[in-house]
Every structure is written in structure tokens, then in C-alpha cells.
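So this block is target.cif, mmCIF, C-alpha atoms:
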```cif
data_run
#
loop_
_atom_site.group_PDB
_atom_site.id
_atom_site.type_symbol
_atom_site.label_atom_id
_atom_site.label_comp_id
_atom_site.auth_asym_id
_atom_site.auth_seq_id
_atom_site.Cartn_x
_atom_site.Cartn_y
_atom_site.Cartn_z
ATOM 1 C CA MET A 1 49.473 31.804 -25.526
ATOM 2 C CA LEU A 2 50.515 28.202 -24.966
ATOM 3 C CA ARG A 3 48.431 28.099 -21.818
ATOM 4 C CA LYS A 4 45.276 29.209 -23.662
ATOM 5 C CA PHE A 5 45.935 26.648 -26.376
ATOM 6 C CA LEU A 6 46.265 23.826 -23.829
ATOM 7 C CA ILE A 7 43.079 24.870 -22.055
ATOM 8 C CA ILE A 8 41.165 24.891 -25.338
ATOM 9 C CA LEU A 9 42.689 21.540 -26.279
ATOM 10 C CA CYS A 10 41.493 20.031 -22.998
ATOM 11 C CA PHE A 11 37.920 21.294 -23.394
ATOM 12 C CA ILE A 12 37.400 20.058 -26.960
ATOM 13 C CA PRO A 13 36.881 16.403 -25.889
ATOM 14 C CA LEU A 14 34.399 17.556 -23.241
ATOM 15 C CA PHE A 15 32.353 19.447 -25.815
ATOM 16 C CA ILE A 16 32.369 16.452 -28.144
ATOM 17 C CA THR A 17 31.152 14.036 -25.455
ATOM 18 C CA ALA A 18 28.460 16.503 -24.378
ATOM 19 C CA GLN A 19 27.104 16.562 -27.936
ATOM 20 C CA GLU A 20 27.114 12.752 -28.099
ATOM 21 C CA ASN A 21 25.012 12.479 -24.938
ATOM 22 C CA LYS A 22 22.287 14.674 -26.444
ATOM 23 C CA ASN A 23 21.764 12.251 -29.312
ATOM 24 C CA LYS A 24 21.499 9.121 -27.157
ATOM 25 C CA LYS A 25 18.089 7.613 -26.725
ATOM 26 C CA CYS A 26 16.608 7.415 -23.278
ATOM 27 C CA LYS A 27 16.758 3.974 -21.678
ATOM 28 C CA ASP A 28 13.804 3.091 -19.477
ATOM 29 C CA LYS A 29 15.517 -0.091 -18.274
ATOM 30 C CA ASN A 30 17.897 1.856 -16.041
ATOM 31 C CA ARG A 31 15.430 4.388 -14.651
ATOM 32 C CA GLY A 32 15.031 4.757 -10.916
ATOM 33 C CA ILE A 33 11.956 3.743 -8.975
ATOM 34 C CA ASP A 34 10.876 7.372 -8.610
ATOM 35 C CA GLN A 35 11.583 8.499 -12.199
ATOM 36 C CA LEU A 36 8.995 8.779 -14.920
ATOM 37 C CA PRO A 37 9.482 6.916 -18.207
ATOM 38 C CA CYS A 38 11.208 8.760 -21.041
ATOM 39 C CA LYS A 39 8.190 8.611 -23.315
ATOM 40 C CA LEU A 40 4.634 8.770 -22.017
ATOM 41 C CA ILE A 41 2.073 6.833 -24.023
ATOM 42 C CA ASN A 42 -0.883 8.802 -25.364
ATOM 43 C CA ARG A 43 -3.116 6.098 -26.810
ATOM 44 C CA TYR A 44 -6.688 7.384 -26.597
ATOM 45 C CA GLY A 45 -8.426 10.549 -27.738
ATOM 46 C CA THR A 46 -9.937 11.186 -24.306
ATOM 47 C CA ASP A 47 -8.327 10.609 -20.938
ATOM 48 C CA ILE A 48 -9.246 7.489 -18.970
ATOM 49 C CA ILE A 49 -8.684 9.342 -15.679
ATOM 50 C CA PRO A 50 -9.828 12.898 -16.437
ATOM 51 C CA ASN A 51 -10.437 14.383 -12.969
ATOM 52 C CA GLU A 52 -9.506 14.130 -9.298
ATOM 53 C CA GLU A 53 -12.615 12.174 -8.312
ATOM 54 C CA THR A 54 -11.629 9.364 -10.658
ATOM 55 C CA VAL A 55 -8.053 9.467 -9.326
ATOM 56 C CA ILE A 56 -9.324 9.069 -5.761
ATOM 57 C CA LYS A 57 -11.426 6.029 -6.682
ATOM 58 C CA TYR A 58 -8.524 4.503 -8.638
ATOM 59 C CA THR A 59 -6.100 5.130 -5.767
ATOM 60 C CA ASP A 60 -8.489 3.509 -3.285
ATOM 61 C CA VAL A 61 -8.384 0.328 -5.362
ATOM 62 C CA LEU A 62 -4.584 0.444 -5.664
ATOM 63 C CA ILE A 63 -3.813 0.922 -1.977
ATOM 64 C CA LYS A 64 -6.431 -1.556 -0.776
ATOM 65 C CA ARG A 65 -3.761 -4.290 -0.635
ATOM 66 C CA GLU A 66 -1.287 -2.084 1.294
ATOM 67 C CA LEU A 67 -3.750 -0.460 3.687
ATOM 68 C CA SER A 68 -6.843 -2.332 4.778
ATOM 69 C CA ASP A 69 -8.894 0.857 5.167
ATOM 70 C CA PRO A 70 -8.089 3.590 2.607
ATOM 71 C CA GLU A 71 -10.550 5.977 4.266
ATOM 72 C CA LYS A 72 -8.157 6.474 7.204
ATOM 73 C CA SER A 73 -5.402 7.805 4.936
ATOM 74 C CA LYS A 74 -7.528 10.448 3.195
ATOM 75 C CA PRO A 75 -7.200 13.220 2.022
ATOM 76 C CA TYR A 76 -4.655 12.389 -0.669
ATOM 77 C CA GLN A 77 -2.251 14.938 -2.072
ATOM 78 C CA ILE A 78 -3.030 14.986 -5.795
ATOM 79 C CA SER A 79 -1.300 17.021 -8.478
ATOM 80 C CA LEU A 80 -0.649 16.943 -12.204
ATOM 81 C CA ILE A 81 2.956 16.672 -13.426
ATOM 82 C CA ALA A 82 4.771 16.184 -16.743
ATOM 83 C CA ASP A 83 2.809 18.780 -18.740
ATOM 84 C CA ASN A 84 -0.506 17.656 -17.200
ATOM 85 C CA LYS A 85 -0.082 14.088 -18.466
ATOM 86 C CA VAL A 86 0.565 12.284 -15.162
ATOM 87 C CA TRP A 87 -1.356 12.275 -11.887
ATOM 88 C CA HIS A 88 1.007 12.361 -8.892
ATOM 89 C CA VAL A 89 -0.670 11.007 -5.737
ATOM 90 C CA ILE A 90 0.832 10.984 -2.245
ATOM 91 C CA VAL A 91 -0.893 8.802 0.345
ATOM 92 C CA LYS A 92 -0.025 9.055 4.037
ATOM 93 C CA SER A 93 0.139 5.626 5.607
ATOM 94 C CA TYR A 94 -1.630 5.248 8.933
ATOM 95 C CA ASN A 95 0.429 2.127 9.791
ATOM 96 C CA CYS A 96 3.687 4.080 9.957
ATOM 97 C CA ARG A 97 4.202 7.565 11.334
ATOM 98 C CA TYR A 98 6.362 9.026 8.538
ATOM 99 C CA CYS A 99 5.602 6.560 5.737
ATOM 100 C CA LYS A 100 4.109 7.712 2.460
ATOM 101 C CA ILE A 101 3.040 5.885 -0.676
ATOM 102 C CA TYR A 102 3.823 7.620 -3.967
ATOM 103 C CA ILE A 103 1.820 6.746 -7.074
ATOM 104 C CA ASN A 104 2.223 8.171 -10.584
ATOM 105 C CA ILE A 105 -0.622 7.369 -12.980
ATOM 106 C CA ASN A 106 -0.764 8.073 -16.715
ATOM 107 C CA LYS A 107 -3.792 10.314 -17.224
ATOM 108 C CA ASN A 108 -4.564 9.037 -20.732
ATOM 109 C CA THR A 109 -4.186 5.270 -20.321
ATOM 110 C CA GLY A 110 -4.640 4.725 -16.565
ATOM 111 C CA GLU A 111 -1.274 2.927 -16.412
ATOM 112 C CA VAL A 112 0.519 2.981 -13.064
ATOM 113 C CA LEU A 113 3.957 4.383 -13.878
ATOM 114 C CA ASN A 114 5.395 4.344 -10.352
ATOM 115 C CA TYR A 115 4.257 2.830 -7.075
ATOM 116 C CA TYR A 116 6.687 3.027 -4.191
ATOM 117 C CA LYS A 117 6.821 3.587 -0.442
ATOM 118 C CA SER A 118 9.137 5.949 1.352
ATOM 119 C CA GLU A 119 9.872 6.993 4.915
ATOM 120 C CA ASP A 120 10.309 10.765 4.860
#
```

Go ahead and render the structure in this file as C-alpha cells.
Amino acid sequence: MLRKFLIILCFIPLFITAQENKNKKCKDKNRGIDQLPCKLINRYGTDIIPNEETVIKYTDVLIKRELSDPEKSKPYQISLIADNKVWHVIVKSYNCRYCKIYININKNTGEVLNYYKSED
């Protein structure tokens, strides 16, 4: 009986701290380079980047400074993430064998949420 009581007594602080963490607001200042923001902005009634063709043109402009010829790195891997609110684009770099450029773009505002390179 004493053993059960001690076990319950030890888990009560854990349950209390777990409840406190649910109420905390998300902090975008400490997010990682590959994490999406806590709250995605939905400013306009229609999406600025509605389809894949527009994403391809937008990505060409973005990677122009990294890669001199974006045509060599096509086709891009494009998908929608975060409840179809964010375009996730993966670009294979032709300068490096296993290098990829990851870009996350807000579908509604056209804001670049993430832009980072990785060697996979």
C-alpha cells in the first residue's frame, strides 16, 4: 500500500508539469532552421502561390543566387504540407553530389518560411 502511495506521489508533479506545458505559447525565436513557425499567417482571401507552376517560377528566382543555372537542377520535388498551407520544395544541387536545398513557402502570402541547405 505504501509503495503504491509513493508511486502516485512521484507522478503527481509530472502530471502537473505536463499540464503547464500545454498552456505555454509557442516561441518562434527558438525554432530550428528546419521547423515551421507556430502560427502561419493567412492574410489574403486568395493564395499568392496557388499552383505548382507558380512555385517553380518562384523557386527559380530564389535559387538563382545559389545555383547559376536553375534548369540543371530540375525537376523539383514539390509537395504541400501543414494542412495544404505551405509549399515544401526540395532542389537537388548540381554543384554537390548529395546536397539539397530545402525551401518552405507560405502558400497564401508567398513568404519564405525556411531556406536551408543540407548534405543528405

Original post:
From the set A:Leu80, A:Lys74, A:Arg65, A:Cys96, which residue has the shortest atom-to-atom contact distance to Pro50 (chain A), counting all atoms listed in the file?
Top reply: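 Of the candidates, the smallest distance to Pro50 (chain A) is held by A:Leu80.
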
**OP:** Excluding Tyr116 (chain A) and any residue of its chain fewer than 6 positions from it, enumerate the residues within 12 Å of it, using all atoms listed in the file, and give them as a list of chain:residue names.
**Re:** A:Gly32, A:Ile33, A:Asp34, A:Gln35, A:Leu62, A:Ile63, A:Glu66, A:His88, A:Val89, A:Ile90, A:Val91, A:Cys99, A:Lys100, A:Ile101, A:Tyr102, A:Ile103, A:Asn104

Writing out the chosen residues with C-alpha atoms as a short mmCIF file (atom, residue, chain, number, x, y, z; two decimals), keeping the file's coordinate frame:
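Writing the result to part32.cif gives the following:
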```cif
data_model
loop_
_atom_site.label_atom_id
_atom_site.label_comp_id
_atom_site.auth_asym_id
_atom_site.auth_seq_id
_atom_site.Cartn_x
_atom_site.Cartn_y
_atom_site.Cartn_z
CA GLY A 32 15.03 4.76 -10.92
CA ILE A 33 11.96 3.74 -8.98
CA ASP A 34 10.88 7.37 -8.61
CA GLN A 35 11.58 8.50 -12.20
CA LEU A 62 -4.58 0.44 -5.66
CA ILE A 63 -3.81 0.92 -1.98
CA GLU A 66 -1.29 -2.08 1.29
CA HIS A 88 1.01 12.36 -8.89
CA VAL A 89 -0.67 11.01 -5.74
CA ILE A 90 0.83 10.98 -2.24
CA VAL A 91 -0.89 8.80 0.34
CA CYS A 99 5.60 6.56 5.74
CA LYS A 100 4.11 7.71 2.46
CA ILE A 101 3.04 5.88 -0.68
CA TYR A 102 3.82 7.62 -3.97
CA ILE A 103 1.82 6.75 -7.07
CA ASN A 104 2.22 8.17 -10.58
#
```

**OP:** Please measure the separation of CA of Asn95 (chain A) and CA of Ser73 (chain A), giving the value in Å to one decimal.
**Re:**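 A separation of 9.5 Å between them.
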
**OP:** Could you tell me which residues the PyMOL selection byres ((chain A and resi 42-45) around 8) returns for this structure, as a ChimeraX atom specification?
**Re:** /A:40-41,46-47,108-109

Deliver the residues from the most recent selection as a file, using C-alpha atoms, as a CSV table (one decimal), in the frame of the given file.
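Output saved as result03.csv:
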```csv
chain,number,residue,atom,x,y,z
A,40,LEU,CA,4.6,8.8,-22.0
A,41,ILE,CA,2.1,6.8,-24.0
A,46,THR,CA,-9.9,11.2,-24.3
A,47,ASP,CA,-8.3,10.6,-20.9
A,108,ASN,CA,-4.6,9.0,-20.7
A,109,THR,CA,-4.2,5.3,-20.3
```

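Residue membership of the PyMOL selection byres ((chain A and resi 113) around 8) in the shown file amounts to Leu36, Pro37, Ile103, Asn104, Ile105, Asn106, Glu111, Val112, Asn114 and Tyr115 of chain A.
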
Subject >> Using all atoms listed in the file: which of A:Asn84, A:Val55, A:Tyr94, A:Ile49 has the shortest distance to Asp69 (chain A) >> reply: A:Tyr94

Original post:
Just how far from CA of Lys85 (chain A) is CA of Asn30 (chain A), in Å to one decimal?
Top reply: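 Rounded to one decimal, the two atoms are 21.9 Å apart.
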
Original post:
What gap, in Å, lies between CA of Ile48 (chain A) and CA of Gly110 (chain A)?
Top reply: 5.9 Å

Axis-aligned box over every listed atom of region 83-87 of chain A, padded by 8 Å per side: centre and edges in Å to one decimal, as JSON?
```
{"center_x": 0.7, "center_y": 15.5, "center_z": -15.3, "size_x": 20.2, "size_y": 22.5, "size_z": 22.9}
```

**OP:** Would you mind telling me which residue in A:Leu2, A:Ile7, A:Lys107, A:Pro70 lies nearest to Asn51 (chain A) when using only C-alpha atoms?
**Re:** A:Lys107

**OP:** Measuring atom to atom with only C-alpha atoms, identify which of A:Ser93, A:Cys10, A:Phe5, A:Val86 is nearest to Lys117 (chain A).
**Re:** A:Ser93

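The residue that comes closest to Thr54 (chain A), out of A:Arg97, A:Ile78, A:Arg31, A:Lys4 and on the basis of all atoms listed in the file, is A:Ile78.
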
Where atoms are lacking, region 82-106 of chain A completed to N, CA, C and O atoms, as a tab-separated table (two decimals), in the frame of the given file:
```
chain	number	residue	atom	x	y	z
A	82	ALA	N	4.36	16.55	-15.38
A	82	ALA	CA	4.77	16.18	-16.74
A	82	ALA	C	3.81	16.76	-17.78
A	82	ALA	O	3.20	16.03	-18.56
A	83	ASP	N	3.67	18.08	-17.79
A	83	ASP	CA	2.81	18.78	-18.74
A	83	ASP	C	1.36	18.30	-18.66
A	83	ASP	O	0.71	18.09	-19.69
A	84	ASN	N	0.87	18.10	-17.46
A	84	ASN	CA	-0.51	17.66	-17.20
A	84	ASN	C	-0.84	16.32	-17.85
A	84	ASN	O	-1.96	16.08	-18.28
A	85	LYS	N	0.14	15.42	-17.90
A	85	LYS	CA	-0.08	14.09	-18.47
A	85	LYS	C	-0.08	12.99	-17.41
A	85	LYS	O	-0.49	11.88	-17.67
A	86	VAL	N	0.41	13.30	-16.21
A	86	VAL	CA	0.56	12.28	-15.16
A	86	VAL	C	-0.02	12.81	-13.85
A	86	VAL	O	0.26	13.93	-13.44
A	87	TRP	N	-0.85	11.97	-13.22
A	87	TRP	CA	-1.36	12.28	-11.89
A	87	TRP	C	-0.32	11.80	-10.87
A	87	TRP	O	0.11	10.66	-10.90
A	88	HIS	N	0.07	12.69	-9.96
A	88	HIS	CA	1.01	12.36	-8.89
A	88	HIS	C	0.22	12.35	-7.58
A	88	HIS	O	-0.32	13.38	-7.17
A	89	VAL	N	0.14	11.18	-6.95
A	89	VAL	CA	-0.67	11.01	-5.74
A	89	VAL	C	0.25	10.63	-4.58
A	89	VAL	O	1.09	9.73	-4.72
A	90	ILE	N	0.09	11.31	-3.46
A	90	ILE	CA	0.83	10.98	-2.24
A	90	ILE	C	-0.18	10.57	-1.19
A	90	ILE	O	-1.11	11.31	-0.87
A	91	VAL	N	0.01	9.36	-0.66
A	91	VAL	CA	-0.89	8.80	0.34
A	91	VAL	C	-0.12	8.65	1.65
A	91	VAL	O	0.93	8.03	1.68
A	92	LYS	N	-0.65	9.22	2.72
A	92	LYS	CA	-0.02	9.06	4.04
A	92	LYS	C	-0.49	7.74	4.63
A	92	LYS	O	-1.68	7.48	4.74
A	93	SER	N	0.46	6.93	5.03
A	93	SER	CA	0.14	5.63	5.61
A	93	SER	C	-0.20	5.79	7.09
A	93	SER	O	0.51	6.47	7.83
A	94	TYR	N	-1.26	5.17	7.52
A	94	TYR	CA	-1.63	5.25	8.93
A	94	TYR	C	-0.94	4.16	9.75
A	94	TYR	O	-0.98	4.19	10.97
A	95	ASN	N	-0.30	3.19	9.08
A	95	ASN	CA	0.43	2.13	9.79
A	95	ASN	C	1.78	2.60	10.30
A	95	ASN	O	2.30	2.06	11.26
A	96	CYS	N	2.35	3.58	9.63
A	96	CYS	CA	3.69	4.08	9.96
A	96	CYS	C	3.60	5.60	10.09
A	96	CYS	O	2.90	6.26	9.32
A	97	ARG	N	4.33	6.15	11.04
A	97	ARG	CA	4.20	7.56	11.33
A	97	ARG	C	4.66	8.47	10.19
A	97	ARG	O	4.00	9.44	9.84
A	98	TYR	N	5.82	8.17	9.59
A	98	TYR	CA	6.36	9.03	8.54
A	98	TYR	C	6.35	8.35	7.17
A	98	TYR	O	7.01	8.81	6.26
A	99	CYS	N	5.63	7.28	7.01
A	99	CYS	CA	5.60	6.56	5.74
A	99	CYS	C	4.60	7.20	4.77
A	99	CYS	O	3.53	7.64	5.19
A	100	LYS	N	4.99	7.22	3.51
A	100	LYS	CA	4.11	7.71	2.46
A	100	LYS	C	4.18	6.76	1.28
A	100	LYS	O	5.21	6.13	1.03
A	101	ILE	N	3.10	6.67	0.55
A	101	ILE	CA	3.04	5.88	-0.68
A	101	ILE	C	2.92	6.87	-1.83
A	101	ILE	O	2.05	7.74	-1.82
A	102	TYR	N	3.82	6.75	-2.80
A	102	TYR	CA	3.82	7.62	-3.97
A	102	TYR	C	3.34	6.83	-5.18
A	102	TYR	O	3.82	5.74	-5.45
A	103	ILE	N	2.38	7.40	-5.90
A	103	ILE	CA	1.82	6.75	-7.07
A	103	ILE	C	1.79	7.76	-8.22
A	103	ILE	O	1.28	8.87	-8.04
A	104	ASN	N	2.32	7.37	-9.37
A	104	ASN	CA	2.22	8.17	-10.58
A	104	ASN	C	1.39	7.40	-11.59
A	104	ASN	O	1.69	6.25	-11.90
A	105	ILE	N	0.33	8.02	-12.09
A	105	ILE	CA	-0.62	7.37	-12.98
A	105	ILE	C	-0.71	8.15	-14.28
A	105	ILE	O	-0.91	9.38	-14.26
A	106	ASN	N	-0.60	7.45	-15.41
A	106	ASN	CA	-0.76	8.07	-16.72
A	106	ASN	C	-2.22	8.49	-16.87
A	106	ASN	O	-3.13	7.68	-16.73
```
